[in-house]
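As stored in start07.pdb (PDB, C-alpha atoms):
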```
ATOM      1  CA  MET A 228       0.000   0.000   0.000
ATOM      2  CA  PHE A 229       1.385   3.414  -1.005
ATOM      3  CA  MET A 230       1.503   5.595   2.098
ATOM      4  CA  ILE A 231       1.765   9.364   1.963
ATOM      5  CA  PHE A 232       3.367  10.793   5.076
ATOM      6  CA  LYS A 233       2.937  14.450   5.977
ATOM      7  CA  ALA A 234       5.072  14.582   9.126
ATOM      8  CA  VAL A 235       8.235  13.035  10.537
ATOM      9  CA  ILE A 236       8.743  13.302  14.288
ATOM     10  CA  PHE A 237      12.088  12.509  15.857
ATOM     11  CA  ASP A 238      13.406  11.409  19.202
ATOM     12  CA  LEU A 239      16.421  13.475  20.260
ATOM     13  CA  ASP A 240      19.211  11.620  22.106
ATOM     14  CA  GLY A 241      20.660   8.775  20.070
ATOM     15  CA  THR A 242      18.546   9.745  17.070
ATOM     16  CA  LEU A 243      19.513  13.310  16.152
ATOM     17  CA  ILE A 244      22.107  13.947  18.845
ATOM     18  CA  CYS A 245      25.092  11.692  19.495
ATOM     19  CA  THR A 246      26.180  11.454  23.117
ATOM     20  CA  ALA A 247      29.395   9.480  23.447
ATOM     21  CA  PRO A 248      29.028   6.274  25.536
ATOM     22  CA  ASP A 249      31.651   7.550  27.980
ATOM     23  CA  HIS A 250      29.112  10.107  29.169
ATOM     24  CA  ARG A 251      26.631   7.559  30.464
ATOM     25  CA  TYR A 252      29.327   5.291  31.889
ATOM     26  CA  LYS A 253      31.035   8.096  33.811
ATOM     27  CA  LEU A 254      27.789   9.748  34.890
ATOM     28  CA  VAL A 255      26.169   6.587  36.241
ATOM     29  CA  ALA A 256      29.431   5.403  37.824
ATOM     30  CA  ARG A 257      29.710   8.709  39.695
ATOM     31  CA  ILE A 258      26.127   8.492  40.937
ATOM     32  CA  LEU A 259      26.437   4.882  42.023
ATOM     33  CA  GLY A 260      29.794   5.605  43.642
ATOM     34  CA  ASP A 261      28.121   8.228  45.803
ATOM     35  CA  LEU A 262      25.498   5.629  46.711
ATOM     36  CA  GLY A 263      28.137   3.044  47.618
ATOM     37  CA  THR A 264      27.774   0.660  44.710
ATOM     38  CA  CYS A 265      28.661   0.142  41.044
ATOM     39  CA  ALA A 266      27.323  -1.426  37.851
ATOM     40  CA  SER A 267      28.627  -3.042  34.687
ATOM     41  CA  PRO A 268      28.573  -1.266  31.306
ATOM     42  CA  ILE A 269      25.912  -3.755  30.206
ATOM     43  CA  SER A 270      23.613  -2.719  33.057
ATOM     44  CA  ILE A 271      24.269   0.954  32.347
ATOM     45  CA  ASP A 272      23.378   0.448  28.681
ATOM     46  CA  LYS A 273      20.205  -1.308  29.745
ATOM     47  CA  PHE A 274      19.279   1.654  31.932
ATOM     48  CA  TRP A 275      20.071   4.144  29.152
ATOM     49  CA  PHE A 276      18.145   2.469  26.329
ATOM     50  CA  GLU A 277      15.340   0.348  27.768
ATOM     51  CA  THR A 278      11.981   1.218  29.307
ATOM     52  CA  ASP A 279      10.967   1.489  32.981
ATOM     53  CA  ARG A 280      14.295   2.938  34.089
ATOM     54  CA  SER A 281      13.286   3.214  37.727
ATOM     55  CA  ALA A 282      12.715  -0.545  37.847
ATOM     56  CA  ILE A 283      16.151  -1.104  36.295
ATOM     57  CA  ILE A 284      17.739   1.224  38.850
ATOM     58  CA  LYS A 285      16.212  -0.761  41.690
ATOM     59  CA  LYS A 286      16.807  -4.249  40.281
ATOM     60  CA  ASP A 287      20.116  -3.911  38.434
ATOM     61  CA  PHE A 288      21.797  -1.116  40.385
ATOM     62  CA  GLY A 289      20.368  -2.089  43.767
ATOM     63  CA  VAL A 290      19.558   1.462  44.861
ATOM     64  CA  GLU A 291      16.410   3.432  45.468
ATOM     65  CA  PRO A 292      15.250   5.237  42.312
ATOM     66  CA  ALA A 293      14.448   8.472  44.162
ATOM     67  CA  GLU A 294      18.018   8.696  45.475
ATOM     68  CA  PHE A 295      19.471   7.895  42.066
ATOM     69  CA  TRP A 296      17.332  10.421  40.159
ATOM     70  CA  LYS A 297      18.137  13.145  42.697
ATOM     71  CA  LEU A 298      21.851  12.781  41.969
ATOM     72  CA  PHE A 299      21.237  12.314  38.249
ATOM     73  CA  ARG A 300      19.584  15.721  38.063
ATOM     74  CA  ILE A 301      22.513  17.274  39.933
ATOM     75  CA  TYR A 302      25.339  15.683  37.954
ATOM     76  CA  ASP A 303      23.897  15.580  34.423
ATOM     77  CA  THR A 304      24.674  19.193  33.610
ATOM     78  CA  VAL A 305      24.842  21.020  30.293
ATOM     79  CA  ASP A 306      28.555  21.658  30.850
ATOM     80  CA  LEU A 307      29.133  17.918  31.203
ATOM     81  CA  ARG A 308      27.062  17.107  28.122
ATOM     82  CA  LYS A 309      28.988  19.628  26.031
ATOM     83  CA  ARG A 310      32.086  17.466  26.397
ATOM     84  CA  PHE A 311      30.399  14.426  24.898
ATOM     85  CA  THR A 312      27.634  15.689  22.592
ATOM     86  CA  ARG A 313      27.309  16.551  18.907
ATOM     87  CA  PRO A 314      24.661  16.251  16.168
ATOM     88  CA  TYR A 315      24.827  13.130  14.018
ATOM     89  CA  TYR A 316      26.359  13.513  10.575
ATOM     90  CA  ASP A 317      23.077  12.746   8.783
ATOM     91  CA  VAL A 318      20.755  15.328  10.392
ATOM     92  CA  GLY A 319      21.080  17.448   7.255
ATOM     93  CA  VAL A 320      18.492  15.207   5.608
ATOM     94  CA  ILE A 321      15.885  17.060   7.672
ATOM     95  CA  ASN A 322      16.344  20.069   5.405
ATOM     96  CA  ASP A 323      15.579  17.866   2.390
ATOM     97  CA  ILE A 324      12.444  16.569   4.103
ATOM     98  CA  ARG A 325      11.205  20.062   4.924
ATOM     99  CA  GLN A 326      11.889  21.329   1.411
ATOM    100  CA  LYS A 327       9.391  18.746   0.173
ATOM    101  CA  GLY A 328       6.688  20.238   2.370
ATOM    102  CA  ILE A 329       6.791  17.506   5.010
ATOM    103  CA  LYS A 330       6.459  18.801   8.573
ATOM    104  CA  THR A 331       9.005  17.875  11.214
ATOM    105  CA  GLY A 332       8.842  17.634  14.994
ATOM    106  CA  ILE A 333      10.734  16.453  18.042
ATOM    107  CA  VAL A 334       9.398  14.463  20.989
ATOM    108  CA  THR A 335      12.005  13.835  23.662
ATOM    109  CA  GLY A 336      11.978  12.697  27.248
ATOM    110  CA  ALA A 337      15.271  14.423  28.039
ATOM    111  CA  PRO A 338      15.422  16.704  31.088
ATOM    112  CA  LEU A 339      14.380  20.247  30.215
ATOM    113  CA  HIS A 340      17.829  21.851  30.453
ATOM    114  CA  ILE A 341      19.455  19.081  28.407
ATOM    115  CA  ALA A 342      16.723  19.140  25.760
ATOM    116  CA  ASP A 343      17.006  22.912  25.393
ATOM    117  CA  PHE A 344      20.773  22.674  24.939
ATOM    118  CA  GLU A 345      20.599  19.845  22.389
ATOM    119  CA  ILE A 346      17.774  21.371  20.372
ATOM    120  CA  GLY A 347      19.801  24.570  20.284
ATOM    121  CA  MET A 348      22.604  22.619  18.609
ATOM    122  CA  LEU A 349      20.192  21.494  15.894
ATOM    123  CA  GLY A 350      18.395  24.787  15.337
ATOM    124  CA  PRO A 351      14.830  24.893  16.728
ATOM    125  CA  ASP A 352      13.563  26.666  13.602
ATOM    126  CA  ASN A 353      14.045  23.398  11.701
ATOM    127  CA  TYR A 354      11.087  21.853  13.562
ATOM    128  CA  ASP A 355       7.408  22.765  13.416
ATOM    129  CA  SER A 356       6.642  21.345  16.853
ATOM    130  CA  ILE A 357       8.874  20.437  19.792
ATOM    131  CA  ILE A 358       7.505  18.509  22.752
ATOM    132  CA  ILE A 359       9.650  17.843  25.809
ATOM    133  CA  ALA A 360       7.667  14.928  27.178
ATOM    134  CA  HIS A 361       8.839  15.166  30.756
ATOM    135  CA  THR A 362       6.780  15.087  33.947
ATOM    136  CA  LEU A 363       8.201  18.474  34.939
ATOM    137  CA  ASN A 364       6.760  19.813  31.693
ATOM    138  CA  GLY A 365       3.283  18.374  32.293
ATOM    139  CA  TYR A 366       3.597  15.290  30.102
ATOM    140  CA  LYS A 367       3.450  11.597  30.884
ATOM    141  CA  PRO A 368       6.876  10.128  30.037
ATOM    142  CA  LYS A 369       7.549   7.802  27.138
ATOM    143  CA  PRO A 370       6.510   5.128  26.252
ATOM    144  CA  HIS A 371       3.184   6.746  27.109
ATOM    145  CA  PRO A 372       1.982   8.351  23.850
ATOM    146  CA  HIS A 373       0.975  11.640  25.511
ATOM    147  CA  GLY A 374       3.802  13.763  24.079
ATOM    148  CA  LEU A 375       3.723  12.174  20.639
ATOM    149  CA  GLU A 376      -0.039  12.583  20.370
ATOM    150  CA  GLU A 377       0.279  16.250  21.351
ATOM    151  CA  CYS A 378       2.952  16.761  18.700
ATOM    152  CA  ILE A 379       0.763  15.176  16.023
ATOM    153  CA  THR A 380      -2.090  17.476  16.995
ATOM    154  CA  LYS A 381       0.149  20.547  16.829
ATOM    155  CA  LEU A 382       1.421  19.499  13.406
ATOM    156  CA  GLY A 383      -2.162  19.205  12.151
ATOM    157  CA  VAL A 384      -1.815  15.703  10.703
ATOM    158  CA  GLN A 385      -3.489  12.355  11.268
ATOM    159  CA  ARG A 386      -1.796   9.439  13.030
ATOM    160  CA  HIS A 387      -1.451   7.442   9.826
ATOM    161  CA  GLU A 388       0.238  10.416   8.167
ATOM    162  CA  ALA A 389       3.081  10.569  10.713
ATOM    163  CA  ILE A 390       6.298   8.663  11.392
ATOM    164  CA  TYR A 391       8.153   8.568  14.697
ATOM    165  CA  VAL A 392      11.885   7.965  14.353
ATOM    166  CA  GLY A 393      13.829   6.836  17.399
ATOM    167  CA  ASN A 394      16.657   4.589  18.506
ATOM    168  CA  SER A 395      15.321   2.480  21.369
ATOM    169  CA  ASP A 396      12.611   0.128  22.596
ATOM    170  CA  GLU A 397      11.058   3.077  24.400
ATOM    171  CA  ASP A 398      10.657   4.921  21.100
ATOM    172  CA  THR A 399       9.190   1.887  19.351
ATOM    173  CA  LEU A 400       6.629   1.442  22.119
ATOM    174  CA  THR A 401       5.796   5.152  22.150
ATOM    175  CA  ALA A 402       5.017   5.084  18.428
ATOM    176  CA  LYS A 403       3.010   1.877  18.654
ATOM    177  CA  ASN A 404       1.040   3.231  21.614
ATOM    178  CA  ALA A 405       0.220   6.335  19.559
ATOM    179  CA  GLN A 406      -0.653   4.193  16.518
ATOM    180  CA  VAL A 407       2.072   5.881  14.480
ATOM    181  CA  LEU A 408       4.555   4.133  12.186
ATOM    182  CA  ASP A 409       7.657   3.353  14.239
ATOM    183  CA  VAL A 410      11.076   3.591  12.599
ATOM    184  CA  ILE A 411      14.309   2.797  14.414
ATOM    185  CA  VAL A 412      17.646   4.203  13.248
ATOM    186  CA  ASP A 413      20.321   1.722  14.287
ATOM    187  CA  ARG A 414      23.258   3.727  15.620
ATOM    188  CA  GLN A 415      25.132   0.528  16.548
ATOM    189  CA  GLU A 416      25.002   1.427  20.230
ATOM    190  CA  TYR A 417      22.478  -1.056  21.553
ATOM    191  CA  GLU A 418      20.504  -4.004  20.214
ATOM    192  CA  CYS A 419      16.789  -3.353  20.682
ATOM    193  CA  ASN A 420      14.654  -6.102  22.220
ATOM    194  CA  ILE A 421      11.452  -5.031  20.458
ATOM    195  CA  VAL A 422      11.305  -5.493  16.696
ATOM    196  CA  PRO A 423      10.361  -2.174  15.028
ATOM    197  CA  SER A 424       8.089  -1.853  12.017
ATOM    198  CA  ARG A 425      10.967  -0.353  10.028
ATOM    199  CA  LYS A 426      14.688  -0.297  10.711
ATOM    200  CA  ILE A 427      17.195   1.997   9.008
ATOM    201  CA  ASN A 428      20.919   2.546   9.393
ATOM    202  CA  THR A 429      20.982   6.289   8.692
ATOM    203  CA  LEU A 430      18.407   9.069   8.530
ATOM    204  CA  ILE A 431      19.130   9.292   4.809
ATOM    205  CA  GLU A 432      17.186   6.042   4.439
ATOM    206  CA  LEU A 433      14.036   7.945   5.353
ATOM    207  CA  LYS A 434      13.965   9.304   1.815
ATOM    208  CA  PRO A 435      12.552   6.173   0.115
ATOM    209  CA  ILE A 436      10.033   5.739   2.940
ATOM    210  CA  LEU A 437       8.865   9.296   2.261
ATOM    211  CA  HIS A 438       9.102   8.803  -1.521
ATOM    212  CA  LEU A 439      11.634  11.618  -1.873
TER     213      LEU A 439
END
```

Rewritten as structure tokens:
Amino acid sequence: MFMIFKAVIFDLDGTLICTAPDHRYKLVARILGDLGTCASPISIDKFWFETDRSAIIKKDFGVEPAEFWKLFRIYDTVDLRKRFTRPYYDVGVINDIRQKGIKTGIVTGAPLHIADFEIGMLGPDNYDSIIIAHTLNGYKPKPHPHGLEECITKLGVQRHEAIYVGNSDEDTLTAKNAQVLDVIVDRQEYECNIVPSRKINTLIELKPILHL
């Protein structure tokens, strides 16, 4: 069936913005060190990419989520992120998408200060709607579809006319929960456990999906 898509909505971290793995390893190690414990890189990757992070913190890290998140908010600063963060090489394809009249948006669960910094690196004017789907911003966190549904409404398109592009199980579930086509861009950082509807290796591969 020939599908005509009118909007492409993107996750942020790991999809448009590359944060070097050393960031998460050093950040989590520092937090857990303060809490008197440690974790393997595999467990840290699981926390970073999978859903229900608070459950992972409790089960895999062996600490109380409230204590962990308190330190996470203190230590995960913009200055720290600047040392490890850059846009991916293929984000320029977004200009090609927009030139064809297709709307673009961002739905991210990143903390507000981090999301603002990273979106600033990309240029907020390149997106017709930006939703920071964080509880502090009044949204239910992913994989709840709240933020994605709000973005679709703001873009003025129907669910079947939109694509959500992410890099994790959380993003796949968010799209499926919103009844939007889910596309995963494989950045070779983590092997997803949930099979997406479409899998691409670079954002450039969105072009045939959008018939560009």

Next item on the list: Using all atoms listed in the file, find the one residue out of A:Asp352, A:Glu277, A:Asp413, A:Glu376 that sits nearest to Asn322 (chain A).
Entry: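 For Asn322 (chain A), the nearest of the candidates is A:Asp352.
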
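For region 367-372 of chain A, the non-local neighbours within 9 Å, defined as residues at least 6 positions apart in the same chain or in other chains and counting only C-alpha atoms, are A:Thr278, A:Asp279, A:Thr335, A:Gly336, A:Ala360, A:His361, A:Asp396, A:Glu397, A:Asp398, A:Thr399, A:Leu400, A:Thr401, A:Ala402, A:Lys403, A:Asn404, A:Ala405, A:Gln406.
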
(request) Determine, counting all atoms listed in the file, every residue of protein, DNA or RNA that lies within 12 Å of (26.3, -2.8, 42.1) in the file coordinates, then give the result as a PyMOL selection string. (result) chain A and resi 255-256+258-271+283-290

Select, from A:Asp317, A:Glu291, A:Asp409, A:Glu345, the residue with the minimum atom-to-atom distance to Leu375 (chain A), counting all atoms listed in the file.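 For Leu375 (chain A), the nearest of the given residues is A:Asp409.
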
In terms of only C-alpha atoms, the residue from A:Gly383, A:Pro338, A:Pro292, A:Gly350 at minimal distance from Leu243 (chain A) is A:Gly350

Work out how far CA of Phe295 (chain A) is from CA of Gln415 (chain A), in Å to one decimal.
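CA of Phe295 (chain A) lies at a distance of 27.2 Å from CA of Gln415 (chain A).
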
Between CA of Cys419 (chain A) and CA of Pro435 (chain A), what is the distance in Å, rounded to a tenth?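 Interatomic distance, CA of Cys419 (chain A) to CA of Pro435 (chain A): 23.1 Å.
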
For this session: Could you please determine the separation between CA of His438 (chain A) and CA of Ile321 (chain A) in Å, to one decimal place?
Result: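 These atoms are spaced 14.1 Å apart.
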
*Would you write out, as number ranges by chain, every residue that the PyMOL selection byres ((chain A and resi 312) around 12) captures in this file?*
A: 239-241, 243-251, 304-311, 313-315, 341-342, 344-346, 348-349

Could you tell me, as a compact mmCIF listing (two decimals) with C-alpha atoms, keeping the file's coordinate frame, exactly which residues end up selected when the PyMOL selection byres ((chain A and resi 427) around 9) is applied to this structure?
```txt
# COMPACT_ATOMS: atom_id res chain seq x y z
CA VAL A 410 11.08 3.59 12.60
CA ILE A 411 14.31 2.80 14.41
CA VAL A 412 17.65 4.20 13.25
CA ASP A 413 20.32 1.72 14.29
CA ARG A 425 10.97 -0.35 10.03
CA LYS A 426 14.69 -0.30 10.71
CA ASN A 428 20.92 2.55 9.39
CA THR A 429 20.98 6.29 8.69
CA LEU A 430 18.41 9.07 8.53
CA ILE A 431 19.13 9.29 4.81
CA GLU A 432 17.19 6.04 4.44
CA LEU A 433 14.04 7.94 5.35
```

Using only C-alpha atoms, the residue out of A:His387, A:Lys330, A:Arg414, A:Lys381 with shortest distance to Phe237 (chain A) is A:Lys330

In terms of all atoms listed in the file, the residue from A:Tyr252, A:Val392, A:His340, A:Asn353 at minimal distance from Arg300 (chain A) is A:His340

| query | Evaluating the PyMOL selection byres ((chain A and resi 354) around 8) on the displayed file yields which residues, as JSON, numbers by chain? | reply | {"A": [330, 331, 332, 333, 351, 352, 353, 355, 356, 357]}
